[in-house]
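K.L.:
I'd like to ask you about the structure that follows.
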Amino acid sequence: MTREKFPVFKVPELMKGIFLSRPNRFVGEIEYEGKTETAHIHDPGRLTELLTKGVEVLFTYSKGKLKYYIKAVHTEDEWVLIDTALHSKIAIEVFKFLPEFSDVKEIKKEVKIGNSRIDFVLDGIPLEVKGVSLVRDNIALFPDAPTERGARHVREIIENNGIILLLVVRQAKSFGPNWEMDPKFSNNLSEARKKGIRIIPVQISFDGRTIYYEGKVPLSSF
């Protein structure tokens with residue numbers, strides 16, 4: 001089944017290189033124009049299935065300490081965004097496509113709720129955004145590394161009757177929690193679903209230049 005694509009926004013000034021290694025979770029070594037360069041990796045997840053030696057990456061110049069900043073990696077014939085700093089910007093654009101948010105009048109960013117800072121508050125309703133880059137057997141799974149912070153965010157969403165928006169950045173047929181990687185987060189997400197918290201996974205794709213919204217992704221059994 002082919003989904004209809006709706007352009008969200010373009011990512012400008014991209015260069016292409018080859019991924020070499022990841023000395024630590026925020027630094028990657030890439031080959032560009034015959035030289036080994038260092039590049040920032042914003043996604044703190046493990047990205048084990050994506051960041052393998054020899055894969056192509058797209059990157060820009062960095063405004064931080066490192067010279068470059070990795071935006072996407074190529075795998076299985078698709079470009080996968082790994083710049084989690086874009087999630088908030090993508091989410092704001094995705095709101096426009098979802099009927100759940102058609103009447104929203106006020107959007108606040110980065111709001112402290114309980115012991116957490118939640119990504120958005122929409123007309124008084126907290127909404128947390130998570131990016132999902134791990135896919136196995138066509139099922140998008142989150143997280144790809146243990147996340148105490150993520151588990152806490154879900155708890156705050158439950159206690160404040162909020163919303164969880166999941167940006168699935170690889171092609172997938174359904175979404176579910178990664179029980180094997182993080183039972184605590186997965187239990188919290190399962191509890192959220194049982195209590196009627198809105199959990200909205202959406203398909204996001206990237207063609208190497210433009211980010212697209214492709215509709216909702218069904219929830220798996222959990």
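Letters A, B, ... mark the chains of the structure tokens in the order given; residue numbers begin at 1 per chain; ligand numbers begin at 1, in order shown.
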Residues near A:Leu50, anyone? I mean within 12 Å using only C-alpha atoms, not counting same-chain ones fewer than 5 positions away, as a PyMOL selection string.
P.N.:
chain A and resi 19-22+43+45+55-57+72-76+78-82+133-135+144+169-170
K.L.:
From a DSSP pass on the backbone, collect the residues of stretch 168-209 of chain A flagged as strand (DSSP E or B) and hand them back as a VMD selection string.
P.N.:
chain A and resid 168 174 to 177 198 to 206
K.L.:
Store the residues picked out above in a file with C-alpha atoms, as a PDB file, in the first residue's frame.
P.N.:
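Saved the output as part.pdb:
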ATOM      1  CA  VAL A 168       8.003   7.248  12.838  1.00  0.00           C
ATOM      2  CA  SER A 174       2.469  -0.513  12.924  1.00  0.00           C
ATOM      3  CA  PHE A 175       3.962   0.856  16.138  1.00  0.00           C
ATOM      4  CA  GLY A 176       4.619  -0.774  19.504  1.00  0.00           C
ATOM      5  CA  PRO A 177       6.793  -0.286  22.595  1.00  0.00           C
ATOM      6  CA  ARG A 198      -4.217   9.457  22.928  1.00  0.00           C
ATOM      7  CA  ILE A 199      -1.145   7.812  21.382  1.00  0.00           C
ATOM      8  CA  ILE A 200      -0.708   8.984  17.796  1.00  0.00           C
ATOM      9  CA  PRO A 201       2.050   7.435  15.650  1.00  0.00           C
ATOM     10  CA  VAL A 202       2.506   9.129  12.266  1.00  0.00           C
ATOM     11  CA  GLN A 203       4.637   8.173   9.270  1.00  0.00           C
ATOM     12  CA  ILE A 204       7.360  10.652   8.376  1.00  0.00           C
ATOM     13  CA  SER A 205       9.613  10.197   5.348  1.00  0.00           C
ATOM     14  CA  PHE A 206      12.537  12.062   3.816  1.00  0.00           C
TER      15      PHE A 206
END
K.L.:
Write down as an mmCIF file with N, CA and C atoms, in the first residue's frame the residues belonging to chain A that are assigned helix (DSSP H, G or I) by DSSP computed on the backbone.
P.N.:
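Saved to states.cif:
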data_model
loop_
_atom_site.group_PDB
_atom_site.id
_atom_site.type_symbol
_atom_site.label_atom_id
_atom_site.label_comp_id
_atom_site.auth_asym_id
_atom_site.auth_seq_id
_atom_site.Cartn_x
_atom_site.Cartn_y
_atom_site.Cartn_z
ATOM 1 N N THR A 84 17.194 14.759 15.841
ATOM 2 C CA THR A 84 16.042 14.890 16.737
ATOM 3 C C THR A 84 15.718 16.353 17.058
ATOM 4 N N ALA A 85 16.634 17.256 16.763
ATOM 5 C CA ALA A 85 16.346 18.678 16.981
ATOM 6 C C ALA A 85 15.241 19.167 16.037
ATOM 7 N N LEU A 86 14.973 18.414 14.966
ATOM 8 C CA LEU A 86 13.920 18.790 14.023
ATOM 9 C C LEU A 86 12.533 18.339 14.470
ATOM 10 N N HIS A 87 12.452 17.497 15.479
ATOM 11 C CA HIS A 87 11.172 16.903 15.845
ATOM 12 C C HIS A 87 10.107 17.930 16.213
ATOM 13 N N SER A 88 10.499 18.930 16.957
ATOM 14 C CA SER A 88 9.528 19.954 17.354
ATOM 15 C C SER A 88 8.983 20.699 16.133
ATOM 16 N N LYS A 89 9.868 21.046 15.226
ATOM 17 C CA LYS A 89 9.456 21.751 14.008
ATOM 18 C C LYS A 89 8.562 20.874 13.142
ATOM 19 N N ILE A 90 8.913 19.588 13.027
ATOM 20 C CA ILE A 90 8.090 18.650 12.258
ATOM 21 C C ILE A 90 6.717 18.515 12.902
ATOM 22 N N ALA A 91 6.693 18.375 14.228
ATOM 23 C CA ALA A 91 5.425 18.192 14.941
ATOM 24 C C ALA A 91 4.468 19.348 14.692
ATOM 25 N N ILE A 92 4.970 20.566 14.750
ATOM 26 C CA ILE A 92 4.107 21.735 14.534
ATOM 27 C C ILE A 92 3.465 21.684 13.154
ATOM 28 N N GLU A 93 4.208 21.230 12.169
ATOM 29 C CA GLU A 93 3.650 21.115 10.815
ATOM 30 C C GLU A 93 2.661 19.945 10.728
ATOM 31 N N VAL A 94 2.964 18.852 11.419
ATOM 32 C CA VAL A 94 2.081 17.688 11.397
ATOM 33 C C VAL A 94 0.732 17.992 12.042
ATOM 34 N N PHE A 95 0.723 18.859 13.053
ATOM 35 C CA PHE A 95 -0.542 19.244 13.691
ATOM 36 C C PHE A 95 -1.570 19.681 12.648
ATOM 37 N N PRO A 99 -6.824 15.871 12.392
ATOM 38 C CA PRO A 99 -8.092 16.464 12.836
ATOM 39 C C PRO A 99 -8.157 16.698 14.340
ATOM 40 N N GLU A 100 -7.373 15.916 15.108
ATOM 41 C CA GLU A 100 -7.356 16.093 16.566
ATOM 42 C C GLU A 100 -6.923 17.497 16.971
ATOM 43 N N PHE A 101 -6.181 18.162 16.083
ATOM 44 C CA PHE A 101 -5.622 19.468 16.442
ATOM 45 C C PHE A 101 -6.178 20.611 15.583
ATOM 46 N N GLU A 148 15.078 6.541 30.949
ATOM 47 C CA GLU A 148 14.393 6.927 32.184
ATOM 48 C C GLU A 148 13.604 8.219 31.965
ATOM 49 N N ARG A 149 14.195 9.117 31.212
ATOM 50 C CA ARG A 149 13.534 10.391 30.899
ATOM 51 C C ARG A 149 12.235 10.148 30.131
ATOM 52 N N GLY A 150 12.296 9.250 29.131
ATOM 53 C CA GLY A 150 11.107 8.951 28.347
ATOM 54 C C GLY A 150 10.005 8.333 29.188
ATOM 55 N N ALA A 151 10.374 7.419 30.087
ATOM 56 C CA ALA A 151 9.390 6.792 30.971
ATOM 57 C C ALA A 151 8.738 7.837 31.870
ATOM 58 N N ARG A 152 9.542 8.784 32.344
ATOM 59 C CA ARG A 152 9.006 9.868 33.186
ATOM 60 C C ARG A 152 8.051 10.753 32.400
ATOM 61 N N HIS A 153 8.395 11.038 31.148
ATOM 62 C CA HIS A 153 7.512 11.852 30.303
ATOM 63 C C HIS A 153 6.141 11.194 30.137
ATOM 64 N N VAL A 154 6.150 9.886 29.876
ATOM 65 C CA VAL A 154 4.869 9.179 29.704
ATOM 66 C C VAL A 154 4.064 9.232 30.996
ATOM 67 N N ARG A 155 4.732 9.089 32.139
ATOM 68 C CA ARG A 155 4.040 9.177 33.426
ATOM 69 C C ARG A 155 3.384 10.551 33.594
ATOM 70 N N GLU A 156 4.089 11.604 33.241
ATOM 71 C CA GLU A 156 3.519 12.957 33.348
ATOM 72 C C GLU A 156 2.321 13.113 32.411
ATOM 73 N N ILE A 157 2.420 12.540 31.219
ATOM 74 C CA ILE A 157 1.308 12.612 30.264
ATOM 75 C C ILE A 157 0.078 11.883 30.821
ATOM 76 N N ILE A 158 0.289 10.725 31.437
ATOM 77 C CA ILE A 158 -0.822 9.990 32.043
ATOM 78 C C ILE A 158 -1.483 10.827 33.130
ATOM 79 N N GLU A 159 -0.668 11.387 34.011
ATOM 80 C CA GLU A 159 -1.204 12.121 35.166
ATOM 81 C C GLU A 159 -1.888 13.427 34.773
ATOM 82 N N PRO A 183 11.535 -2.158 29.624
ATOM 83 C CA PRO A 183 10.253 -2.592 30.189
ATOM 84 C C PRO A 183 9.508 -1.468 30.920
ATOM 85 N N LYS A 184 10.236 -0.572 31.594
ATOM 86 C CA LYS A 184 9.573 0.487 32.355
ATOM 87 C C LYS A 184 8.839 1.441 31.423
ATOM 88 N N PHE A 185 9.517 1.901 30.376
ATOM 89 C CA PHE A 185 8.862 2.783 29.418
ATOM 90 C C PHE A 185 7.669 2.063 28.790
ATOM 91 N N SER A 186 7.870 0.811 28.406
ATOM 92 C CA SER A 186 6.829 0.050 27.728
ATOM 93 C C SER A 186 5.618 -0.157 28.624
ATOM 94 N N ASN A 187 5.841 -0.446 29.903
ATOM 95 C CA ASN A 187 4.741 -0.580 30.848
ATOM 96 C C ASN A 187 3.970 0.723 30.996
ATOM 97 N N ASN A 188 4.701 1.831 31.059
ATOM 98 C CA ASN A 188 4.042 3.134 31.170
ATOM 99 C C ASN A 188 3.203 3.428 29.934
ATOM 100 N N LEU A 189 3.744 3.103 28.754
ATOM 101 C CA LEU A 189 3.003 3.362 27.529
ATOM 102 C C LEU A 189 1.761 2.467 27.450
ATOM 103 N N SER A 190 1.904 1.218 27.867
ATOM 104 C CA SER A 190 0.767 0.308 27.884
ATOM 105 C C SER A 190 -0.314 0.811 28.838
ATOM 106 N N GLU A 191 0.110 1.295 29.990
ATOM 107 C CA GLU A 191 -0.837 1.864 30.956
ATOM 108 C C GLU A 191 -1.543 3.083 30.367
ATOM 109 N N ALA A 192 -0.766 3.920 29.675
ATOM 110 C CA ALA A 192 -1.349 5.115 29.053
ATOM 111 C C ALA A 192 -2.452 4.716 28.069
ATOM 112 N N ARG A 193 -2.186 3.712 27.267
ATOM 113 C CA ARG A 193 -3.192 3.282 26.289
ATOM 114 C C ARG A 193 -4.453 2.763 26.985
ATOM 115 N N LYS A 194 -4.271 1.956 28.029
ATOM 116 C CA LYS A 194 -5.413 1.395 28.759
ATOM 117 C C LYS A 194 -6.255 2.488 29.420
#
K.L.:
Would you mind listing what lies within 8 Å of stretch 208-212 of chain A as a list in words, with only C-alpha atoms counted and same-chain residues fewer than 6 positions away left out?
P.N.:
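Final neighbour list, sorted by chain and number: Lys5, Phe6, Pro7, Val8, Phe9, Lys10, Val11, Pro12, Leu14, Leu58, Ala72 and Trp79 of chain A.
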K.L.:
Rounded to one decimal, what separation in Å do you get between atom CA of A:Thr48 and atom CA of A:Glu110?
P.N.:
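Atom-to-atom, atom CA of A:Thr48 and atom CA of A:Glu110 are spaced 28.8 Å apart.
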